[in-house]
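A short write-up of the structure that comes next.
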Amino acid sequence: MRDDPIDPVPVPDVGVDDLTEAEKREFEQERSELRDFVKSLSPDDLKSGNWFSKLIARGLVTYTQKATWQYFQEKYQGVPADAIVDQRIKMATRYAALSGGLTASAYTGALAATIGTAGGASGITIPAALVTLTADLAFLTQLQLRLAYDISVLYRLRIDVNDPDDLWKLIRVAFTIKGGEVVGEGLLKVVPAALRIVIKRFYSGPILAAARGLPYVGKFLLQRTVIKVAIPLVGIPLAVGINFYTTLIAGRHARGVFRNEARVIEIAERLCEQSKHPQLLMWVAWLVVTADEKISDDEAVLMRNLMRLVRDQHDVVDEQLAQLIDVDPAEVWRRVDAESGDLSDVVDAASRVATVDGEANSAEQRILLELDDRCRRAQS
C-alpha cells in the first residue's frame, strides 16, 4: 500500500468574487434553471442520451436569437473580434470552474458507479443525489455549445442551429470531436502536467464521425462526466480543473476552427471583388483545387463561398461547371486562350487558391506555371 500522498491537482484561481454583479446573477440564474431542467428529466433520458436533445431545444435555439453580431457590437463597442473572443473564452472558463467547484461535494466513486444507470431508480424521477451532478453536466455542455456559437458569430459565420448540418458542425467544434484533433493541435499544452493524463482520458473514447444522432452525443458526454467523478480523494480540485481546462480547450479549438474559416471566406470575398473575369476565375480555381486529386476542408470552404459570391455579386451562374464530375485541363486552357488582354487578376487569384491551405504542392505549381505562361501570351 502506498503511503506517499497523491500528487496535487492544480486548481485555477477562480472564485465567485471574481465575477461582476451582473455575471454573478447570470451564473446563479443559469445554474438554478438547469437544476429545474434536470429535475424534469427521467433516468431514461440520461441512459438514452435524450437529455442532450432536450438541452439543445431548451438552451441553444432561443439563445441564438439573442447572441447576434449586433448584440456583440453593442456590448463590446469598437473592440476587434479576436479580443472579444478572448474575453468570451475567459468568462466561460470562470463559469465552468465555479460550477465544478460548487458541485464537487457530489463527486464520489459511488455516484460515478450510478450515474450511467441512475441508480436503478424508477423511470419517473432522477434520484436527488444525481441532480447536482447532472446539473453540472448540463451547465458545462450548454456553456461550451454557447461559447462555440458566440465565436462563430464574432467571426461573422452563418450557423443555423435549425439546420442539421450546421448544428452537427457546431457540436463537433464545441466538443472537439474527433478527440484526436485536440492532441494534434497542441491544445493540451495549456493543461498542467498533473491534469494532462486525466484530460487525455476525457477526450478519448468514441469517435463520432458517423454517429450523428443527438442521443449518441448525449451518451458520449455522459461518459466524459464519469471520468470526472470516478477518481476518489481529489474531488474539488479535479472537478474545478477539468471544467476549467476542457472549456479552455473547447474555446481555443472553436477559435482556431472558426477564425480559419473566416479567413478563407475573406479570401473568397477579395478574389471576387478584384476579379475582372469571374466566370473564368471559377474554372481556374476549380482546376487548381483538383490538381492533386484531393480537396482539403479549406479548399471546399473557399470554392463554396467563391461560387456563392460570384453568383451574388456578378450574377454569374455556370451550370456546366456545377454539373462537372472531372475537370478537363484542356477545357480550362481553351477558356484561358479565348481571352485577351490583362489576365493578371486570374493569375493572382490562382496563386491565392493554391496556398489557401498551405504551401502550393508540385501539382498546383505546375498549373500555376502553365497559367502564367498562357496569360502572358494573351496579353502580348
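Chain labels run A, B, ... following the order of the C-alpha cells; each chain numbers its residues from 1, and ligands are numbered from 1 in the order shown.
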
Show which residues sit within 9 Å of Asp345 (chain A), as a CSV table (one decimal) with N, CA and C atoms, in the first residue's frame. Count only C-alpha atoms, and ignore same-chain residues fewer than 6 positions away.
chain,number,residue,atom,x,y,z
A,271,LEU,N,-11.1,37.8,-53.7
A,271,LEU,CA,-10.9,37.3,-55.0
A,271,LEU,C,-12.1,37.7,-55.9
A,274,GLN,N,-12.0,41.6,-56.7
A,274,GLN,CA,-10.9,42.0,-57.6
A,274,GLN,C,-11.0,41.4,-58.9
A,275,SER,N,-11.9,40.4,-59.1
A,275,SER,CA,-11.9,39.7,-60.4
A,275,SER,C,-12.6,40.5,-61.5
A,276,LYS,N,-11.9,40.5,-62.7
A,276,LYS,CA,-12.5,41.1,-63.9
A,276,LYS,C,-13.0,40.0,-64.8
A,277,HIS,N,-12.7,38.8,-64.4
A,277,HIS,CA,-13.1,37.6,-65.2
A,277,HIS,C,-13.8,36.6,-64.3
A,281,LEU,N,-12.5,32.8,-63.5
A,281,LEU,CA,-12.0,32.6,-62.2
A,281,LEU,C,-12.4,31.3,-61.6

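Of the listed residues (A:Trp283, A:Pro278, A:Gly213, A:Ser362), A:Trp283 comes nearest to Leu324 (chain A); the distances count only C-alpha atoms.
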
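Nearest to Cys375 (chain A) of all the residues A:Val284, A:Ile325, A:Leu214, A:Leu133 is A:Val284, counting only C-alpha atoms.
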
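Proximity of A:Ile242, A:Leu280, A:Val346, A:Leu302 to Thr93 (chain A), computed with only C-alpha atoms, is greatest for A:Ile242.
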
Using only C-alpha atoms: which of A:Leu221, A:Ile199, A:Val264, A:Ala349 has the shortest distance to Met282 (chain A):
A:Ala349

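Distances here use only C-alpha atoms; by that measure, the residue among A:Asp45, A:Asp373, A:Glu299, A:Asp326 closest to Asp357 (chain A) is A:Glu299.
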
Residue contacts of Glu364 (chain A) (9 Å, only C-alpha atoms) excluding same-chain residues fewer than 3 positions away, as a VMD selection string
chain A and resid 287 to 292 351 354 360 to 361 367 to 369

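Each of A:Met303, A:Val161, A:Val332, A:Val131 was compared to Thr62 (chain A) using only C-alpha atoms, and A:Val161 turns out to be the nearest.
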
Excluding Arg376 (chain A) and any residue of its chain fewer than 3 positions from it, enumerate the residues within 10 Å of it, using only C-alpha atoms, and give them as a PyMOL selection string.
chain A and resi 340-344+347+371-373+379-380
